file run_24.tsv (TSV, C-alpha atoms and all ligand atoms)
chain	number	residue	atom	x	y	z
A	1	MET	CA	-21.65	78.07	-32.19
A	2	ASP	CA	-19.34	80.45	-30.29
A	3	GLU	CA	-18.86	79.76	-26.60
A	4	PRO	CA	-20.75	82.50	-24.72
A	5	LEU	CA	-18.66	84.57	-22.30
A	6	TYR	CA	-19.71	86.24	-19.07
A	7	PRO	CA	-18.09	89.63	-18.32
A	8	LEU	CA	-17.28	88.87	-14.68
A	9	LEU	CA	-16.78	91.88	-12.43
A	10	ARG	CA	-16.54	90.10	-9.11
A	11	LEU	CA	-17.48	86.98	-7.20
A	12	SER	CA	-18.85	87.23	-3.71
A	13	ARG	CA	-18.98	83.91	-1.84
A	14	LEU	CA	-20.89	82.55	1.15
A	15	ARG	CA	-23.79	84.98	1.08
A	16	MET	CA	-26.85	84.21	3.16
A	17	GLY	CA	-30.32	85.61	2.64
A	18	THR	CA	-29.35	88.45	0.31
A	19	ASP	CA	-29.71	87.08	-3.22
A	20	GLY	CA	-31.58	83.82	-2.97
A	21	GLU	CA	-32.05	81.06	-0.44
A	22	GLY	CA	-29.37	79.08	1.33
A	23	VAL	CA	-25.73	79.85	0.70
A	24	THR	CA	-25.13	81.67	-2.57
A	25	THR	CA	-22.26	83.00	-4.59
A	26	LEU	CA	-23.00	86.25	-6.38
A	27	ALA	CA	-21.46	86.50	-9.85
A	28	ALA	CA	-21.68	90.18	-10.76
A	29	GLY	CA	-21.42	90.89	-14.47
A	30	ALA	CA	-20.81	94.05	-16.47
A	31	GLY	CA	-23.24	95.86	-18.71
A	32	CYS	CA	-26.66	97.40	-18.23
A	33	PRO	CA	-28.90	99.10	-20.80
A	34	LEU	CA	-30.50	101.41	-18.19
A	35	SER	CA	-29.20	104.61	-16.60
A	36	CYS	CA	-30.92	104.67	-13.23
A	37	ARG	CA	-30.33	107.92	-11.40
A	38	TRP	CA	-29.50	106.24	-8.06
A	39	CYS	CA	-27.72	103.15	-9.41
A	40	ILE	CA	-25.66	101.71	-6.54
A	41	ASN	CA	-23.42	99.90	-9.00
A	42	ALA	CA	-22.72	102.88	-11.26
A	43	GLU	CA	-19.09	103.24	-10.19
A	44	LEU	CA	-18.42	99.52	-10.47
A	45	LEU	CA	-20.11	99.29	-13.87
A	46	ARG	CA	-18.26	102.33	-15.18
A	47	ARG	CA	-14.78	101.71	-13.89
A	48	ALA	CA	-14.18	98.05	-13.10
A	49	LYS	CA	-12.58	95.93	-15.75
A	50	PRO	CA	-14.58	92.77	-16.44
A	51	GLU	CA	-12.88	89.44	-16.91
A	52	PRO	CA	-14.58	87.47	-19.70
A	53	VAL	CA	-15.05	83.88	-18.53
A	54	THR	CA	-16.53	80.80	-20.15
A	55	ALA	CA	-19.18	78.80	-18.33
A	56	ALA	CA	-16.59	76.09	-17.59
A	57	GLN	CA	-14.18	78.64	-16.12
A	58	LEU	CA	-16.85	80.14	-13.90
A	59	PHE	CA	-17.97	76.68	-12.83
A	60	GLU	CA	-14.40	75.85	-11.76
A	61	ARG	CA	-14.31	79.01	-9.63
A	62	VAL	CA	-17.66	78.53	-7.87
A	63	ARG	CA	-17.65	74.77	-7.32
A	64	ILE	CA	-15.54	75.23	-4.19
A	65	ASP	CA	-18.87	75.84	-2.41
A	66	ASP	CA	-20.63	72.82	-3.88
A	67	LEU	CA	-21.21	71.23	-0.47
A	68	TYR	CA	-22.71	74.43	0.96
A	69	PHE	CA	-24.98	74.81	-2.05
A	70	ARG	CA	-26.24	71.24	-1.76
A	71	ALA	CA	-26.66	71.34	2.02
A	72	THR	CA	-28.61	74.60	2.10
A	73	GLY	CA	-30.51	74.64	-1.20
A	74	GLY	CA	-28.30	77.45	-2.42
A	75	GLY	CA	-26.37	78.10	-5.59
A	76	VAL	CA	-25.29	80.94	-7.83
A	77	CYS	CA	-26.94	84.31	-8.27
A	78	PHE	CA	-26.17	86.35	-11.38
A	79	GLY	CA	-26.40	90.08	-10.90
A	80	GLY	CA	-24.59	93.16	-11.93
A	81	GLY	CA	-25.40	94.84	-14.22
A	82	GLU	CA	-28.16	93.22	-16.18
A	83	SER	CA	-27.80	89.46	-15.92
A	84	LEU	CA	-30.25	88.58	-18.69
A	85	LEU	CA	-28.05	90.30	-21.27
A	86	HIS	CA	-26.05	87.11	-20.83
A	87	ALA	CA	-28.94	84.67	-21.25
A	88	ALA	CA	-26.99	82.42	-23.62
A	89	PHE	CA	-24.23	82.16	-21.03
A	90	LEU	CA	-26.77	81.27	-18.31
A	91	ARG	CA	-28.14	78.51	-20.50
A	92	ARG	CA	-24.64	77.09	-21.00
A	93	PHE	CA	-23.78	77.38	-17.30
A	94	ARG	CA	-26.95	75.48	-16.35
A	95	THR	CA	-25.78	72.50	-18.42
A	96	LEU	CA	-22.55	72.31	-16.39
A	97	CYS	CA	-23.72	72.65	-12.82
A	98	PRO	CA	-25.29	69.89	-10.72
A	99	PRO	CA	-29.10	69.80	-10.80
A	100	GLU	CA	-29.14	70.39	-7.01
A	101	TRP	CA	-27.69	73.85	-7.45
A	102	ARG	CA	-30.19	76.64	-7.76
A	103	LEU	CA	-29.59	79.55	-10.08
A	104	TRP	CA	-30.99	83.03	-9.49
A	105	ALA	CA	-30.96	86.05	-11.77
A	106	GLU	CA	-31.32	89.64	-10.60
A	107	THR	CA	-32.81	91.58	-13.48
A	108	SER	CA	-34.62	94.73	-14.47
A	109	LEU	CA	-36.01	92.91	-17.56
A	110	ALA	CA	-34.67	95.68	-19.83
A	111	VAL	CA	-33.73	93.05	-22.42
A	112	SER	CA	-35.23	91.37	-25.47
A	113	ALA	CA	-38.12	88.92	-25.24
A	114	GLU	CA	-35.81	86.25	-26.61
A	115	GLN	CA	-33.36	86.76	-23.75
A	116	VAL	CA	-36.20	86.42	-21.24
A	117	GLN	CA	-37.30	83.17	-22.86
A	118	ILE	CA	-33.80	81.68	-22.86
A	119	ALA	CA	-33.25	82.66	-19.22
A	120	ALA	CA	-36.63	81.22	-18.21
A	121	GLU	CA	-35.39	77.79	-19.25
A	122	ALA	CA	-32.05	78.08	-17.45
A	123	VAL	CA	-32.68	79.95	-14.21
A	124	ASP	CA	-34.64	78.66	-11.21
A	125	SER	CA	-35.74	81.95	-9.68
A	126	PHE	CA	-35.84	85.58	-10.68
A	127	ILE	CA	-35.47	88.72	-8.60
A	128	VAL	CA	-36.97	91.53	-10.67
A	129	ASP	CA	-36.44	95.18	-9.75
A	130	CYS	CA	-39.37	96.66	-11.67
A	131	LYS	CA	-38.63	100.30	-10.62
A	132	ASP	CA	-42.19	101.56	-11.21
A	133	MET	CA	-45.15	100.26	-13.22
A	134	ASP	CA	-45.94	103.73	-14.51
A	135	ALA	CA	-44.18	104.00	-17.86
A	136	GLU	CA	-43.48	107.71	-17.50
A	137	ILE	CA	-41.94	107.41	-14.03
A	138	TYR	CA	-39.94	104.44	-15.32
A	139	ARG	CA	-38.65	106.43	-18.30
A	140	ARG	CA	-37.68	109.43	-16.18
A	141	TYR	CA	-35.83	107.29	-13.65
A	142	THR	CA	-34.14	104.74	-15.93
A	143	GLY	CA	-34.17	106.28	-19.42
A	144	GLY	CA	-35.69	102.95	-20.55
A	145	ASP	CA	-38.96	101.66	-21.94
A	146	GLY	CA	-41.47	100.73	-19.24
A	147	GLU	CA	-43.83	99.11	-21.72
A	148	ARG	CA	-41.12	96.68	-22.73
A	149	MET	CA	-40.34	95.86	-19.09
A	150	GLN	CA	-44.04	95.14	-18.49
A	151	ALA	CA	-44.31	92.97	-21.59
A	152	ASN	CA	-41.29	91.00	-20.33
A	153	LEU	CA	-42.89	90.68	-16.89
A	154	ARG	CA	-45.94	89.08	-18.51
A	155	LEU	CA	-43.73	86.81	-20.60
A	156	LEU	CA	-41.70	85.67	-17.59
A	157	LEU	CA	-44.83	85.08	-15.50
A	158	GLU	CA	-46.29	82.94	-18.24
A	159	ALA	CA	-43.03	81.02	-18.69
A	160	VAL	CA	-42.14	80.19	-15.08
A	161	GLY	CA	-45.19	80.99	-12.92
A	162	PRO	CA	-45.44	83.36	-9.95
A	163	GLU	CA	-43.67	81.22	-7.34
A	164	ARG	CA	-40.35	81.53	-9.10
A	165	ILE	CA	-40.42	85.31	-9.35
A	166	ARG	CA	-39.86	87.93	-6.66
A	167	VAL	CA	-40.74	91.43	-7.80
A	168	ARG	CA	-39.14	94.28	-5.90
A	169	VAL	CA	-40.96	97.60	-5.96
A	170	PRO	CA	-38.88	100.52	-4.73
A	171	ARG	CA	-39.88	103.85	-3.36
A	172	ILE	CA	-37.46	106.07	-5.29
A	173	PRO	CA	-36.61	109.47	-3.79
A	174	GLU	CA	-37.53	112.32	-6.16
A	175	TYR	CA	-39.13	109.95	-8.69
A	176	ASN	CA	-42.14	108.21	-7.15
A	177	SER	CA	-44.32	108.48	-4.06
A	178	ALA	CA	-45.63	105.92	-1.58
A	179	GLU	CA	-48.92	106.08	-3.54
A	180	ASP	CA	-47.13	105.32	-6.82
A	181	GLN	CA	-45.40	102.42	-5.13
A	182	ALA	CA	-48.71	101.06	-3.81
A	183	ARG	CA	-50.24	101.45	-7.28
A	184	SER	CA	-47.40	99.46	-8.83
A	185	ALA	CA	-47.85	96.70	-6.25
A	186	ALA	CA	-51.60	96.56	-6.93
A	187	ARG	CA	-51.00	96.25	-10.67
A	188	LEU	CA	-48.52	93.45	-10.09
A	189	ARG	CA	-50.98	91.59	-7.85
A	190	ALA	CA	-53.66	91.98	-10.51
A	191	MET	CA	-51.28	90.45	-13.06
A	192	GLY	CA	-50.85	87.39	-10.84
A	193	PHE	CA	-47.59	88.03	-9.00
A	194	VAL	CA	-47.58	86.80	-5.41
A	195	ASN	CA	-44.06	87.56	-4.16
A	196	ILE	CA	-43.97	91.37	-4.11
A	197	GLU	CA	-41.52	93.27	-1.93
A	198	LEU	CA	-41.91	96.93	-1.18
A	199	PHE	CA	-38.78	98.74	-0.06
A	200	ASP	CA	-37.14	102.18	-0.03
A	201	TYR	CA	-34.03	103.16	-1.93
A	202	VAL	CA	-31.69	104.75	0.59
A	203	ILE	CA	-29.66	107.55	-0.96
A	204	ARG	CA	-26.38	108.42	0.74
B	1	LIG	S1	-30.88	98.46	-13.68
B	1	LIG	FE1	-29.58	98.21	-11.87
B	1	LIG	S2	-27.47	98.12	-12.64
B	1	LIG	FE2	-28.76	98.96	-14.28
B	1	LIG	S3	-28.57	101.19	-14.07
B	1	LIG	FE3	-30.42	100.52	-12.95
B	1	LIG	S4	-29.74	100.18	-10.84
B	1	LIG	FE4	-27.90	100.27	-12.14

call {"tool": "encode", "arguments": {"input": "run_24.tsv", "output": "structure tokens"}}
result
Amino acid sequence: MDEPLYPLLRLSRLRMGTDGEGVTTLAAGAGCPLSCRWCINAELLRRAKPEPVTAAQLFERVRIDDLYFRATGGGVCFGGGESLLHAAFLRRFRTLCPPEWRLWAETSLAVSAEQVQIAAEAVDSFIVDCKDMDAEIYRRYTGGDGERMQANLRLLLEAVGPERIRVRVPRIPEYNSAEDQARSAARLRAMGFVNIELFDYVIR
């Protein structure tokens, strides 16, 4: 089988409280199937040149913070971009890093069911930006398929349970209202999610 590669855009070390718990290194990767109107990474995703790395190469780069990861319950967060596009890479990376390291994935779940299943076995915790649970609002804002995102939410919940998932529900200027946001949160609670974060996109 071919060695999976990760299209690395940048590494950001020694982060606290932004991606996961403890000290984390963010490994931002290229590629996203959505076209969100207010994407904060649009410039980076469009212009930056990714560096394809193997799991062993990435491991060599991030292990410098091994002691911090172990001491604080931290590890590596994969973001971007859509991290679950690289589910096979995540699975390979998991086999290389110490079991004490925690792995996080930031995702919109705009991927195949198979990619969700592979990631569920490799990643400790997920940070899901669900945009909006109304399929029409979702389509207008992202250009993607809200039904598929919701099917993947159910799949992930079933695979890893609610404690390992944080669902972020944004209030999106020009696309949804505070009532829409509250409706999305209520639907997520009814599905069984317990870690739900409401926040506002800030457009500059
Ligand atoms: S899912 Fe995230 S990275 Fe992809 S277009 Fe939307 S905001 Fe940008």

call {"tool": "residues_near_ligand", "arguments": {"input": "run_24.tsv", "ligand": "ligand LIG 1 (chain B)", "cutoff": "6 Å", "atoms": "only C-alpha atoms and all ligand atoms", "output": "list of chain:residue names"}}
result
A:Cys32, A:Leu34, A:Ser35, A:Cys36, A:Cys39, A:Asn41, A:Ala42, A:Gly80, A:Gly81, A:Ser108

call {"tool": "residues_around", "arguments": {"input": "run_24.tsv", "residues": "range 197-204 of chain A", "least_positions_apart": "6", "cutoff": "6 Å", "atoms": "only C-alpha atoms", "output": "ChimeraX atom specification"}}
result
/A:168-172

call {"tool": "write_last_selection", "arguments": {"input": "run_24.tsv", "atoms": "C-alpha atoms", "output": "JSON list (two decimals), keeping the file's coordinate frame"}}
result
[["chain", "number", "residue", "atom", "x", "y", "z"],
["A", 168, "ARG", "CA", -39.14, 94.28, -5.90],
["A", 169, "VAL", "CA", -40.96, 97.60, -5.96],
["A", 170, "PRO", "CA", -38.88, 100.52, -4.73],
["A", 171, "ARG", "CA", -39.88, 103.85, -3.36],
["A", 172, "ILE", "CA", -37.46, 106.07, -5.29]]

call {"tool": "closest_residue", "arguments": {"input": "run_24.tsv", "among": "A:Ser83, A:Val194, A:Phe59, A:Tyr175", "to": "Glu136 in chain A", "atoms": "only C-alpha atoms"}}
result
A:Tyr175

call {"tool": "closest_residue", "arguments": {"input": "run_24.tsv", "among": "A:Arg166, A:Arg154, A:Arg91, A:Arg189", "to": "Ser125 in chain A", "atoms": "all atoms listed in the file"}}
result
A:Arg166

call {"tool": "closest_residue", "arguments": {"input": "run_24.tsv", "among": "A:Asp129, A:Ala120, A:Trp38, A:Gly75", "to": "Ser184 in chain A", "atoms": "all atoms listed in the file"}}
result
A:Asp129

call {"tool": "closest_residue", "arguments": {"input": "run_24.tsv", "among": "A:Met133, A:Ala28, A:Pro99, A:Arg164", "to": "Glu147 in chain A", "atoms": "only C-alpha atoms"}}
result
A:Met133

call {"tool": "closest_residue", "arguments": {"input": "run_24.tsv", "among": "A:Glu21, A:Asp180, A:Glu43, A:Asp66", "to": "Tyr138 in chain A", "atoms": "all atoms listed in the file"}}
result
A:Asp180

call {"tool": "decode", "arguments": {"input": "run_24.tsv", "residues": "range 181-201 of chain A", "atoms": "C-alpha atoms", "output": "PDB file, in the first residue's frame"}}
result
ATOM      1  CA  GLN A 181     -28.251  28.980  15.836  1.00  0.00           C
ATOM      2  CA  ALA A 182     -30.403  28.046  18.844  1.00  0.00           C
ATOM      3  CA  ARG A 183     -32.397  25.641  16.656  1.00  0.00           C
ATOM      4  CA  SER A 184     -29.198  23.937  15.505  1.00  0.00           C
ATOM      5  CA  ALA A 185     -28.023  23.572  19.105  1.00  0.00           C
ATOM      6  CA  ALA A 186     -31.379  22.072  20.128  1.00  0.00           C
ATOM      7  CA  ARG A 187     -31.207  19.539  17.297  1.00  0.00           C
ATOM      8  CA  LEU A 188     -27.687  18.571  18.303  1.00  0.00           C
ATOM      9  CA  ARG A 189     -28.741  18.107  21.938  1.00  0.00           C
ATOM     10  CA  ALA A 190     -31.643  15.941  20.801  1.00  0.00           C
ATOM     11  CA  MET A 191     -29.200  13.790  18.828  1.00  0.00           C
ATOM     12  CA  GLY A 192     -27.164  13.199  21.990  1.00  0.00           C
ATOM     13  CA  PHE A 193     -24.314  15.699  21.734  1.00  0.00           C
ATOM     14  CA  VAL A 194     -23.273  17.198  25.065  1.00  0.00           C
ATOM     15  CA  ASN A 195     -20.334  19.456  24.205  1.00  0.00           C
ATOM     16  CA  ILE A 196     -21.939  22.206  22.117  1.00  0.00           C
ATOM     17  CA  GLU A 197     -20.322  25.608  21.732  1.00  0.00           C
ATOM     18  CA  LEU A 198     -22.199  28.597  20.422  1.00  0.00           C
ATOM     19  CA  PHE A 199     -20.076  31.418  19.043  1.00  0.00           C
ATOM     20  CA  ASP A 200     -20.147  34.285  16.544  1.00  0.00           C
ATOM     21  CA  TYR A 201     -18.088  34.524  13.389  1.00  0.00           C
TER      22      TYR A 201
END
